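*Asks:* So that you have it, the file is coords36.cif, and it contains mmCIF, C-alpha atoms and all ligand atoms:
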data_input
#
loop_
_atom_site.label_atom_id
_atom_site.label_comp_id
_atom_site.auth_asym_id
_atom_site.auth_seq_id
_atom_site.Cartn_x
_atom_site.Cartn_y
_atom_site.Cartn_z
CA MET A 1 -37.01 0.68 10.10
CA SER A 2 -36.26 0.37 13.80
CA ALA A 3 -33.16 1.71 15.46
CA SER A 4 -32.12 1.76 19.07
CA ASP A 5 -31.14 4.82 21.01
CA SER A 6 -27.60 4.11 22.16
CA PHE A 7 -27.43 7.44 24.01
CA VAL A 8 -30.38 6.66 26.28
CA ASP A 9 -28.35 6.24 29.50
CA LEU A 10 -25.53 8.55 28.55
CA ALA A 11 -27.59 11.57 27.50
CA ARG A 12 -27.65 13.30 30.89
CA TYR A 13 -23.84 13.17 31.04
CA TYR A 14 -23.29 14.19 27.41
CA ASP A 15 -22.87 17.98 27.78
CA PRO A 16 -20.29 17.83 30.59
CA ILE A 17 -18.42 15.05 28.75
CA MET A 18 -18.31 17.19 25.59
CA SER A 19 -17.53 20.48 27.36
CA HIS A 20 -14.02 20.51 25.83
CA VAL A 21 -15.38 20.17 22.26
CA ASP A 22 -14.85 23.11 19.91
CA TYR A 23 -18.45 23.64 18.78
CA ASP A 24 -17.50 27.14 17.63
CA ARG A 25 -15.54 25.66 14.72
CA TRP A 26 -18.73 24.01 13.33
CA TYR A 27 -20.71 27.14 14.15
CA LEU A 28 -18.32 29.44 12.26
CA ILE A 29 -17.99 27.12 9.26
CA GLY A 30 -21.73 26.39 9.24
CA GLY A 31 -22.39 30.11 9.38
CA ALA A 32 -20.00 30.86 6.51
CA ILE A 33 -21.73 28.22 4.34
CA GLY A 34 -25.14 29.59 5.33
CA GLU A 35 -24.13 32.94 3.81
CA LEU A 36 -24.52 31.28 0.39
CA LEU A 37 -28.28 31.10 0.88
CA PRO A 38 -30.85 33.87 0.52
CA ARG A 39 -32.52 34.86 3.81
CA PRO A 40 -34.68 33.81 5.45
CA PHE A 41 -34.00 30.11 5.10
CA THR A 42 -35.16 26.93 6.77
CA HIS A 43 -32.45 24.96 8.53
CA LEU A 44 -32.44 21.44 9.92
CA ASP A 45 -29.75 20.26 12.33
CA ALA A 46 -29.98 16.50 11.76
CA ALA A 47 -28.79 14.41 14.74
CA CYS A 48 -28.80 17.60 16.82
CA GLY A 49 -28.14 15.74 20.08
CA THR A 50 -28.62 18.05 23.07
CA GLY A 51 -29.06 21.05 20.75
CA VAL A 52 -25.79 22.89 21.44
CA LEU A 53 -25.15 23.80 17.79
CA LEU A 54 -28.81 24.29 16.99
CA LYS A 55 -29.03 26.94 19.71
CA LYS A 56 -25.99 28.74 18.33
CA PHE A 57 -27.47 28.76 14.81
CA GLN A 58 -30.81 29.96 16.16
CA SER A 59 -29.08 32.92 17.76
CA ASP A 60 -28.39 34.13 14.19
CA ARG A 61 -32.17 34.15 13.62
CA TRP A 62 -32.05 31.16 11.36
CA ARG A 63 -35.32 29.24 11.08
CA SER A 64 -33.73 26.19 12.68
CA ILE A 65 -35.21 22.96 13.92
CA GLY A 66 -33.55 19.71 14.96
CA ILE A 67 -34.14 16.01 14.89
CA ASP A 68 -32.33 13.25 16.73
CA LEU A 69 -32.92 9.54 17.06
CA SER A 70 -32.49 9.89 20.80
CA ALA A 71 -35.40 11.43 22.68
CA SER A 72 -33.13 11.24 25.73
CA MET A 73 -30.58 13.55 24.10
CA LEU A 74 -33.29 16.09 23.23
CA ARG A 75 -34.65 15.87 26.78
CA ALA A 76 -31.19 16.27 28.34
CA GLY A 77 -30.63 19.43 26.28
CA ARG A 78 -33.94 20.89 27.43
CA GLN A 79 -33.31 19.91 31.05
CA SER A 80 -30.06 21.84 30.94
CA GLY A 81 -32.12 24.95 30.13
CA ARG A 82 -31.76 24.95 26.36
CA ALA A 83 -35.12 25.59 24.65
CA PHE A 84 -35.05 24.49 21.02
CA PRO A 85 -37.57 23.12 18.50
CA ALA A 86 -36.77 19.47 17.81
CA ALA A 87 -38.36 16.06 17.54
CA ALA A 88 -37.22 12.47 17.72
CA ALA A 89 -36.68 11.10 14.20
CA ASP A 90 -34.32 8.84 12.32
CA LEU A 91 -32.14 10.65 9.83
CA ARG A 92 -32.50 7.67 7.50
CA ALA A 93 -36.25 8.28 7.24
CA LEU A 94 -36.76 11.99 7.73
CA PRO A 95 -40.34 13.30 7.82
CA PHE A 96 -39.50 16.23 5.51
CA ASN A 97 -39.99 16.48 1.80
CA GLY A 98 -38.01 19.12 -0.08
CA CYS A 99 -38.55 21.92 2.43
CA MET A 100 -35.13 22.50 4.03
CA ASN A 101 -32.82 25.10 2.48
CA TYR A 102 -29.90 24.06 4.64
CA ILE A 103 -29.09 20.89 6.58
CA THR A 104 -26.20 20.38 8.98
CA CYS A 105 -25.34 16.92 10.33
CA LEU A 106 -22.19 17.26 12.43
CA PHE A 107 -19.89 15.77 15.07
CA ASP A 108 -19.56 12.40 13.30
CA SER A 109 -23.27 11.64 13.45
CA VAL A 110 -23.01 9.88 10.04
CA ASN A 111 -20.47 7.46 11.61
CA PHE A 112 -23.27 6.29 13.91
CA LEU A 113 -24.94 4.72 10.86
CA LEU A 114 -23.38 1.31 11.18
CA ARG A 115 -23.81 -0.30 7.77
CA ASN A 116 -23.00 1.04 4.34
CA ALA A 117 -26.68 0.71 3.40
CA ASP A 118 -27.62 2.86 6.42
CA MET A 119 -25.14 5.55 5.45
CA GLU A 120 -26.49 5.55 1.86
CA ARG A 121 -30.07 5.69 3.14
CA GLY A 122 -29.15 8.53 5.49
CA ILE A 123 -27.63 10.65 2.71
CA LYS A 124 -30.64 9.93 0.48
CA SER A 125 -33.06 10.91 3.21
CA LEU A 126 -31.14 14.15 3.93
CA THR A 127 -31.21 14.88 0.19
CA ALA A 128 -34.97 14.28 -0.01
CA ALA A 129 -35.46 16.74 2.86
CA LEU A 130 -33.55 19.46 1.00
CA ALA A 131 -35.32 22.03 -1.16
CA PRO A 132 -33.96 22.61 -4.70
CA ASN A 133 -30.63 24.45 -4.39
CA GLY A 134 -30.49 23.47 -0.73
CA ILE A 135 -27.12 22.81 0.90
CA LEU A 136 -25.95 19.88 3.05
CA TYR A 137 -22.94 20.24 5.37
CA PHE A 138 -21.85 17.12 7.27
CA ASP A 139 -18.69 15.53 8.61
CA ILE A 140 -17.22 12.11 9.33
CA VAL A 141 -14.25 10.86 11.33
CA THR A 142 -11.72 8.80 9.40
CA GLU A 143 -10.09 5.48 10.27
CA ARG A 144 -6.97 7.47 11.14
CA MET A 145 -8.91 9.19 13.95
CA VAL A 146 -10.03 5.85 15.38
CA LEU A 147 -6.60 4.22 15.08
CA GLU A 148 -4.69 7.17 16.53
CA HIS A 149 -6.99 8.32 19.28
CA PHE A 150 -9.28 5.45 20.30
CA ALA A 151 -8.46 1.89 19.14
CA GLY A 152 -7.10 -0.34 21.90
CA GLN A 153 -6.93 2.54 24.36
CA SER A 154 -8.37 3.06 27.82
CA TRP A 155 -8.35 6.29 29.75
CA THR A 156 -10.18 8.30 32.39
CA GLU A 157 -11.45 11.86 32.31
CA ARG A 158 -12.71 14.21 34.99
CA ASN A 159 -15.89 15.84 33.65
CA GLY A 160 -16.85 18.42 36.27
CA LYS A 161 -18.70 16.53 39.02
CA PHE A 162 -18.01 12.99 37.79
CA VAL A 163 -15.29 10.81 36.33
CA THR A 164 -15.65 8.79 33.14
CA SER A 165 -13.62 5.69 32.26
CA TRP A 166 -13.29 4.87 28.59
CA GLU A 167 -12.27 1.74 26.67
CA CYS A 168 -12.29 1.43 22.92
CA GLU A 169 -11.82 -1.55 20.62
CA TYR A 170 -11.75 -1.29 16.85
CA ASP A 171 -12.67 -4.20 14.59
CA ARG A 172 -10.84 -3.76 11.30
CA LYS A 173 -13.10 -6.31 9.59
CA THR A 174 -16.38 -4.58 10.36
CA LEU A 175 -14.72 -1.14 10.50
CA THR A 176 -16.57 -0.59 13.75
CA ALA A 177 -15.28 1.07 16.90
CA GLU A 178 -16.90 -0.05 20.14
CA THR A 179 -16.46 2.45 22.95
CA ARG A 180 -17.48 1.59 26.51
CA ILE A 181 -17.98 4.53 28.83
CA ARG A 182 -18.45 4.17 32.59
CA VAL A 183 -19.58 7.09 34.74
CA ASN A 184 -17.96 6.87 38.20
CA ASN A 185 -18.42 3.21 39.17
CA GLY A 186 -21.69 2.74 37.28
CA PRO A 187 -22.50 0.36 34.43
CA ALA A 188 -20.72 0.64 31.08
CA TYR A 189 -22.60 2.36 28.24
CA THR A 190 -21.55 1.25 24.77
CA LEU A 191 -21.42 3.37 21.63
CA TYR A 192 -20.63 2.07 18.16
CA GLU A 193 -19.24 4.09 15.28
CA ARG A 194 -18.52 2.86 11.78
CA VAL A 195 -15.60 4.09 9.71
CA TYR A 196 -16.23 4.99 6.06
CA GLU A 197 -13.74 5.66 3.31
CA PRO A 198 -14.17 9.26 2.15
CA GLU A 199 -14.67 7.95 -1.41
CA GLU A 200 -17.58 5.73 -0.25
CA VAL A 201 -19.25 8.77 1.23
CA GLU A 202 -18.52 10.82 -1.86
CA ASP A 203 -20.16 8.09 -3.98
CA ALA A 204 -23.21 8.05 -1.72
CA VAL A 205 -23.47 11.84 -2.08
CA MET A 206 -23.38 11.57 -5.87
CA ARG A 207 -25.81 8.62 -5.96
CA ALA A 208 -28.27 10.58 -3.83
CA GLY A 209 -28.31 13.22 -6.57
CA LEU A 210 -26.26 15.89 -4.81
CA SER A 211 -23.38 17.83 -6.35
CA LEU A 212 -20.31 18.08 -4.18
CA LEU A 213 -19.07 21.63 -3.61
CA GLY A 214 -16.16 20.50 -1.49
CA MET A 215 -14.69 17.65 0.53
CA PHE A 216 -12.01 18.82 2.97
CA ASP A 217 -9.73 17.98 5.83
CA ALA A 218 -11.90 19.50 8.57
CA GLU A 219 -8.91 21.02 10.37
CA THR A 220 -7.58 22.98 7.39
CA TRP A 221 -10.29 22.95 4.72
CA ARG A 222 -7.62 21.84 2.29
CA ALA A 223 -7.44 18.54 0.38
CA PRO A 224 -7.60 15.51 2.68
CA ARG A 225 -4.23 13.90 3.50
CA ARG A 226 -3.16 10.58 4.93
CA LYS A 227 -3.19 12.12 8.39
CA THR A 228 -6.69 13.60 8.08
CA VAL A 229 -8.77 12.60 11.10
CA ARG A 230 -12.02 14.38 10.27
CA MET A 231 -13.57 15.35 6.95
CA ASP A 232 -16.13 17.97 6.06
CA PHE A 233 -18.47 17.53 3.08
CA VAL A 234 -20.50 20.33 1.50
CA ALA A 235 -22.98 19.46 -1.25
CA VAL A 236 -25.84 21.13 -3.08
CA LYS A 237 -29.09 19.71 -4.43
CA GLY A 238 -29.07 20.81 -8.05
CA ASP A 239 -26.72 22.72 -10.30
CA PRO A 240 -23.53 23.66 -8.41
CA LYS A 241 -22.53 26.36 -10.96
CA PRO A 242 -24.46 29.24 -9.40
CA PHE A 243 -22.62 28.48 -6.13
CA SER A 244 -19.15 27.67 -7.42
CA ALA A 245 -17.56 31.14 -7.44
CA ARG A 246 -19.10 32.22 -4.14
CA PHE A 247 -18.24 28.88 -2.57
CA LYS A 248 -14.56 29.53 -3.34
CA GLY A 249 -14.92 32.72 -1.31
CA VAL A 250 -16.43 30.71 1.57
CA ARG A 251 -13.63 28.14 1.32
CA ASP A 252 -10.96 30.85 1.48
CA HIS A 253 -12.72 32.54 4.37
CA VAL A 254 -12.88 29.23 6.29
CA ARG A 255 -9.21 28.51 5.56
CA ALA A 256 -8.33 31.90 7.02
CA LEU A 257 -10.49 31.20 10.09
CA LEU A 258 -8.75 27.87 10.67
CA ARG A 259 -5.23 29.20 10.29
C1 LIG E 301 -21.77 12.39 18.62
S1 LIG E 301 -23.46 12.77 18.76
C2 LIG E 301 -23.53 14.38 17.99
C3 LIG E 301 -24.72 15.17 18.47
C4 LIG E 301 -24.74 16.62 18.04
N1 LIG E 301 -24.71 16.77 16.59
C5 LIG E 301 -23.61 17.41 18.67
O1 LIG E 301 -22.92 18.11 17.92
O2 LIG E 301 -23.41 17.35 19.89
C6 LIG E 301 -24.22 11.73 17.55
C7 LIG E 301 -25.74 11.90 17.54
O3 LIG E 301 -26.28 11.16 16.45
C8 LIG E 301 -27.54 10.69 16.87
N2 LIG E 301 -27.94 9.62 15.95
C9 LIG E 301 -27.36 8.40 15.79
N3 LIG E 301 -28.01 7.69 14.85
C10 LIG E 301 -29.01 8.49 14.39
C11 LIG E 301 -30.04 8.32 13.42
N4 LIG E 301 -30.15 7.18 12.72
N5 LIG E 301 -30.90 9.34 13.22
C12 LIG E 301 -30.81 10.49 13.93
N6 LIG E 301 -29.87 10.69 14.86
C13 LIG E 301 -28.97 9.71 15.10
C14 LIG E 301 -27.31 10.25 18.28
O4 LIG E 301 -28.51 10.06 19.01
C15 LIG E 301 -26.45 11.40 18.79
O5 LIG E 301 -27.23 12.43 19.34
#
Please rewrite the model in this file as structure tokens.
Ligand SMILES: C[S@@+](CC[C@H](N)C(=O)[O-])C[C@H]1O[C@@H](n2cnc3c(N)ncnc32)[C@H](O)[C@@H]1O

*Replies:*
Amino acid sequence: MSASDSFVDLARYYDPIMSHVDYDRWYLIGGAIGELLPRPFTHLDAACGTGVLLKKFQSDRWRSIGIDLSASMLRAGRQSGRAFPAAAADLRALPFNGCMNYITCLFDSVNFLLRNADMERGIKSLTAALAPNGILYFDIVTERMVLEHFAGQSWTERNGKFVTSWECEYDRKTLTAETRIRVNNGPAYTLYERVYEPEEVEDAVMRAGLSLLGMFDAETWRAPRRKTVRMDFVAVKGDPKPFSARFKGVRDHVRALLR
């Protein structure tokens, strides 16, 4: 399976471009979910990018490692002074077999899998990497996010020392958003993201053999609504019953955090 690294030219600009992003939300929710697991546990941040979240999780003394398709993203993270254990790998073909107690895969990384079969393969591969009773926490953006905030729009942003110009087109047939990003007056770098119906993702989770603990509007951790722009999924490999009561506690805690 070959896949191209669409972040290769963009990686060195990624952290300043994302400096406005609320990583603490994922960190707090990821941490609350991690409380369900006995310590110490092994943790994989799949599609860890430049390692921002991975570093935060490591600060809690988790046994965390990362993988990302883009060696450039890993390198950019290290060049910005972030030391973290990670390797280049494709989340659709992970080199781990049943050894991870906890996997996070966040900031719409699943939307970067551009065909339904890729998304299915990705969820299966994440599942295979999980140990029995291991937990997977991932998110996706919805079509509503693309239509409201990206499709047909162009805009510029000042990102510290440089300016980025953005243009996004959304193809409703292929459910694919094409975003072209130009740094200052340089060439345009193109990123593609595929929209999935939450139910398609839910089906893939079930087919992979996971049990869903929850599927939420990421902004409220309540049931998804028509205006949901991002969704969080939490699933367990094995019997969900031992987790169910304690997971309700996590859910309520997260709802309170998000209020
Ligand atoms: C929006 S970035 C999110 C990165 C990181 N999780 C963060 O929070 O900053 C999406 C990431 O997914 C990675 N990615 C895309 N396809 C992948 C694949 N098939 N396997 C592993 N990583 C992939 C990209 O290289 C990129 O780093």

*Asks:* Do you have, as JSON lines, the list of residues of chain A lying at most 8 Å from ligand LIG 301 (chain E), each with its nearest atom pair and that distance in Å to one decimal, counting all atoms listed in the file and ordered by chain then number?

*Replies:*
{"residue": "A:Ala3", "atom": "CA", "partner": "E:LIG301", "partner_atom": "N4", "distance": 6.8}
{"residue": "A:Asp5", "atom": "CA", "partner": "E:LIG301", "partner_atom": "O4", "distance": 6.2}
{"residue": "A:Ser6", "atom": "CA", "partner": "E:LIG301", "partner_atom": "O4", "distance": 6.8}
{"residue": "A:Phe7", "atom": "CA", "partner": "E:LIG301", "partner_atom": "O4", "distance": 5.7}
{"residue": "A:Asp15", "atom": "CA", "partner": "E:LIG301", "partner_atom": "O2", "distance": 7.9}
{"residue": "A:Met18", "atom": "CA", "partner": "E:LIG301", "partner_atom": "O2", "distance": 7.7}
{"residue": "A:Tyr23", "atom": "CA", "partner": "E:LIG301", "partner_atom": "O1", "distance": 7.2}
{"residue": "A:Asp45", "atom": "CA", "partner": "E:LIG301", "partner_atom": "N1", "distance": 7.5}
{"residue": "A:Ala46", "atom": "CA", "partner": "E:LIG301", "partner_atom": "C12", "distance": 6.4}
{"residue": "A:Ala47", "atom": "CA", "partner": "E:LIG301", "partner_atom": "N6", "distance": 3.9}
{"residue": "A:Cys48", "atom": "CA", "partner": "E:LIG301", "partner_atom": "N1", "distance": 4.2}
{"residue": "A:Gly49", "atom": "CA", "partner": "E:LIG301", "partner_atom": "O5", "distance": 3.5}
{"residue": "A:Thr50", "atom": "CA", "partner": "E:LIG301", "partner_atom": "O2", "distance": 6.1}
{"residue": "A:Gly51", "atom": "CA", "partner": "E:LIG301", "partner_atom": "C4", "distance": 6.8}
{"residue": "A:Val52", "atom": "CA", "partner": "E:LIG301", "partner_atom": "O2", "distance": 6.2}
{"residue": "A:Leu53", "atom": "CA", "partner": "E:LIG301", "partner_atom": "O1", "distance": 6.1}
{"residue": "A:Ile67", "atom": "CA", "partner": "E:LIG301", "partner_atom": "C12", "distance": 6.5}
{"residue": "A:Asp68", "atom": "CA", "partner": "E:LIG301", "partner_atom": "N6", "distance": 4.0}
{"residue": "A:Leu69", "atom": "CA", "partner": "E:LIG301", "partner_atom": "C12", "distance": 3.9}
{"residue": "A:Ser70", "atom": "CA", "partner": "E:LIG301", "partner_atom": "O4", "distance": 4.4}
{"residue": "A:Ala71", "atom": "CA", "partner": "E:LIG301", "partner_atom": "O4", "distance": 7.9}
{"residue": "A:Met73", "atom": "CA", "partner": "E:LIG301", "partner_atom": "O5", "distance": 5.9}
{"residue": "A:Ala88", "atom": "CA", "partner": "E:LIG301", "partner_atom": "C12", "distance": 7.7}
{"residue": "A:Ala89", "atom": "CA", "partner": "E:LIG301", "partner_atom": "C12", "distance": 5.9}
{"residue": "A:Asp90", "atom": "CA", "partner": "E:LIG301", "partner_atom": "N5", "distance": 3.6}
{"residue": "A:Leu91", "atom": "CA", "partner": "E:LIG301", "partner_atom": "N5", "distance": 3.8}
{"residue": "A:Arg92", "atom": "CA", "partner": "E:LIG301", "partner_atom": "N4", "distance": 5.7}
{"residue": "A:Cys105", "atom": "CA", "partner": "E:LIG301", "partner_atom": "N1", "distance": 6.3}
{"residue": "A:Leu106", "atom": "CA", "partner": "E:LIG301", "partner_atom": "N1", "distance": 4.9}
{"residue": "A:Phe107", "atom": "CA", "partner": "E:LIG301", "partner_atom": "O1", "distance": 4.8}
{"residue": "A:Asp108", "atom": "CA", "partner": "E:LIG301", "partner_atom": "C1", "distance": 5.8}
{"residue": "A:Ser109", "atom": "CA", "partner": "E:LIG301", "partner_atom": "C6", "distance": 4.2}
{"residue": "A:Val110", "atom": "CA", "partner": "E:LIG301", "partner_atom": "N3", "distance": 7.3}
{"residue": "A:Phe112", "atom": "CA", "partner": "E:LIG301", "partner_atom": "C9", "distance": 5.0}
{"residue": "A:Leu113", "atom": "CA", "partner": "E:LIG301", "partner_atom": "N3", "distance": 5.8}
{"residue": "A:Gly122", "atom": "CA", "partner": "E:LIG301", "partner_atom": "N4", "distance": 7.4}

*Asks:* Could you state the separation of CA of His43 in chain A and CA of Tyr102 in chain A in Å, given to one decimal place?

*Replies:*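 Answer for the CA of His43 in chain A to CA of Tyr102 in chain A separation: 4.7 Å.
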
*Asks:* Enumerate, in order of chain and increasing residue number, the residues of range 102-142 of chain A with an atom no farther than 9 Å from range 232-256 of chain A, each with its shortest atom pair and distance in Å to one decimal, counting all atoms listed in the file, as CSV.

*Replies:*
residue,atom,partner,partner_atom,distance
A:Leu106,CA,A:Asp232,CA,8.8
A:Thr127,CA,A:Lys237,CA,7.0
A:Leu130,CA,A:Lys237,CA,7.0
A:Ala131,CA,A:Lys237,CA,7.4
A:Pro132,CA,A:Lys237,CA,5.7
A:Asn133,CA,A:Lys237,CA,5.0
A:Gly134,CA,A:Lys237,CA,5.5
A:Ile135,CA,A:Val236,CA,4.5
A:Leu136,CA,A:Ala235,CA,5.2
A:Tyr137,CA,A:Val234,CA,4.6
A:Phe138,CA,A:Phe233,CA,5.4
A:Asp139,CA,A:Asp232,CA,4.4
A:Ile140,CA,A:Asp232,CA,6.8

*Asks:* Against range 184-202 of chain A, which residues of range 101-150 of chain A fall within 8 Å? For each one I want the closest pair of atoms and the distance in Å (one decimal), counting all atoms listed in the file, rows by chain and increasing residue number, as JSON lines.

*Replies:*
{"residue": "A:Asn111", "atom": "CA", "partner": "A:Arg194", "partner_atom": "CA", "distance": 5.0}
{"residue": "A:Phe112", "atom": "CA", "partner": "A:Glu193", "partner_atom": "CA", "distance": 4.8}
{"residue": "A:Leu113", "atom": "CA", "partner": "A:Arg194", "partner_atom": "CA", "distance": 6.7}
{"residue": "A:Leu114", "atom": "CA", "partner": "A:Arg194", "partner_atom": "CA", "distance": 5.1}
{"residue": "A:Arg115", "atom": "CA", "partner": "A:Arg194", "partner_atom": "CA", "distance": 7.4}
{"residue": "A:Met119", "atom": "CA", "partner": "A:Val201", "partner_atom": "CA", "distance": 7.9}
{"residue": "A:Glu120", "atom": "CA", "partner": "A:Val201", "partner_atom": "CA", "distance": 7.9}
{"residue": "A:Ile140", "atom": "CA", "partner": "A:Tyr196", "partner_atom": "CA", "distance": 7.9}
{"residue": "A:Val141", "atom": "CA", "partner": "A:Val195", "partner_atom": "CA", "distance": 7.1}
{"residue": "A:Thr142", "atom": "CA", "partner": "A:Val195", "partner_atom": "CA", "distance": 6.1}
{"residue": "A:Glu143", "atom": "CA", "partner": "A:Val195", "partner_atom": "CA", "distance": 5.7}

*Asks:* So which one's closest to Gly66 in chain A, A:Ala128, A:Thr174, A:Tyr13, A:Phe96? Using only C-alpha atoms, please.

*Replies:*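 So, comparing all the options, the nearest one is A:Phe96.
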
*Asks:* Quick one: residues within 6 Å of Leu44 in chain A, all atoms listed in the file, excluding same-chain residues fewer than 3 positions away - as a list in words?

*Replies:* Ser64, Ile65, Gly66 and Ile103 of chain A

*Asks:* Given only C-alpha atoms as the basis, pick out the residue of A:Val229, A:Val183, A:Arg121, A:Ala129 nearest to His149 in chain A.

*Replies:*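 Answer, going by the shortest atom-to-atom distance: A:Val229.
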
*Asks:* Would you place a box with edges along x, y and z of the file around all atoms of range 79-86 of chain A listed there, add 8 Å to each of its six sides, and report the centre and edge lengths in Å to one decimal, as JSON?

*Replies:*
{"center_x": -33.8, "center_y": 22.5, "center_z": 24.4, "size_x": 23.5, "size_y": 22.1, "size_z": 29.2}

*Asks:* Can you work out the spacing between CA of Arg39 in chain A and CA of Arg259 in chain A in Å, to one decimal?

*Replies:*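 One can read the CA of Arg39 in chain A to CA of Arg259 in chain A distance as 28.6 Å.
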
*Asks:* Counting all atoms listed in the file, figure out which residue out of A:Asn97, A:Thr176, A:Thr104, A:Ser4 gets nearest to Ile29 in chain A.

*Replies:* A:Thr104

*Asks:* Work out how far CA of Asp118 in chain A is from CA of Cys168 in chain A, in Å to one decimal.

*Replies:*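 It comes out at 22.6 Å.
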
*Asks:* Which of these residues is nearest to Arg82 in chain A, using all atoms listed in the file: A:Arg230, A:Lys173, A:Lys124, A:Lys56?

*Replies:*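 Looking only at the distances to Arg82 in chain A, the closest residue turns out to be A:Lys56.
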
*Asks:* With only C-alpha atoms as the atoms that count, which of A:Ala208, A:Ser165, A:Trp62, A:Trp221 lies nearest to Leu37 in chain A?

*Replies:*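 When distances to Leu37 in chain A are compared using only C-alpha atoms, the smallest one comes from A:Trp62.
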
*Asks:* Would you list the residues near (-17.3, 9.7, 30.6), meaning any protein, DNA or RNA residue with an atom at most 9 Å from that point in file coordinates, counting only C-alpha atoms, as a list in words?

*Replies:* Leu10, Tyr13, Tyr14, Pro16, Ile17, Thr156, Glu157, Arg158, Asn159, Phe162, Val163, Thr164, Ser165, Trp166, Ile181, Arg182, Val183 and Asn184 of chain A

*Asks:* Calculated over all atoms listed in the file, which of the candidates A:Met231, A:Leu94, A:Val146, A:Ala83 has the smallest distance to Gly214 in chain A?

*Replies:*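 The closest residue to Gly214 in chain A is A:Met231.
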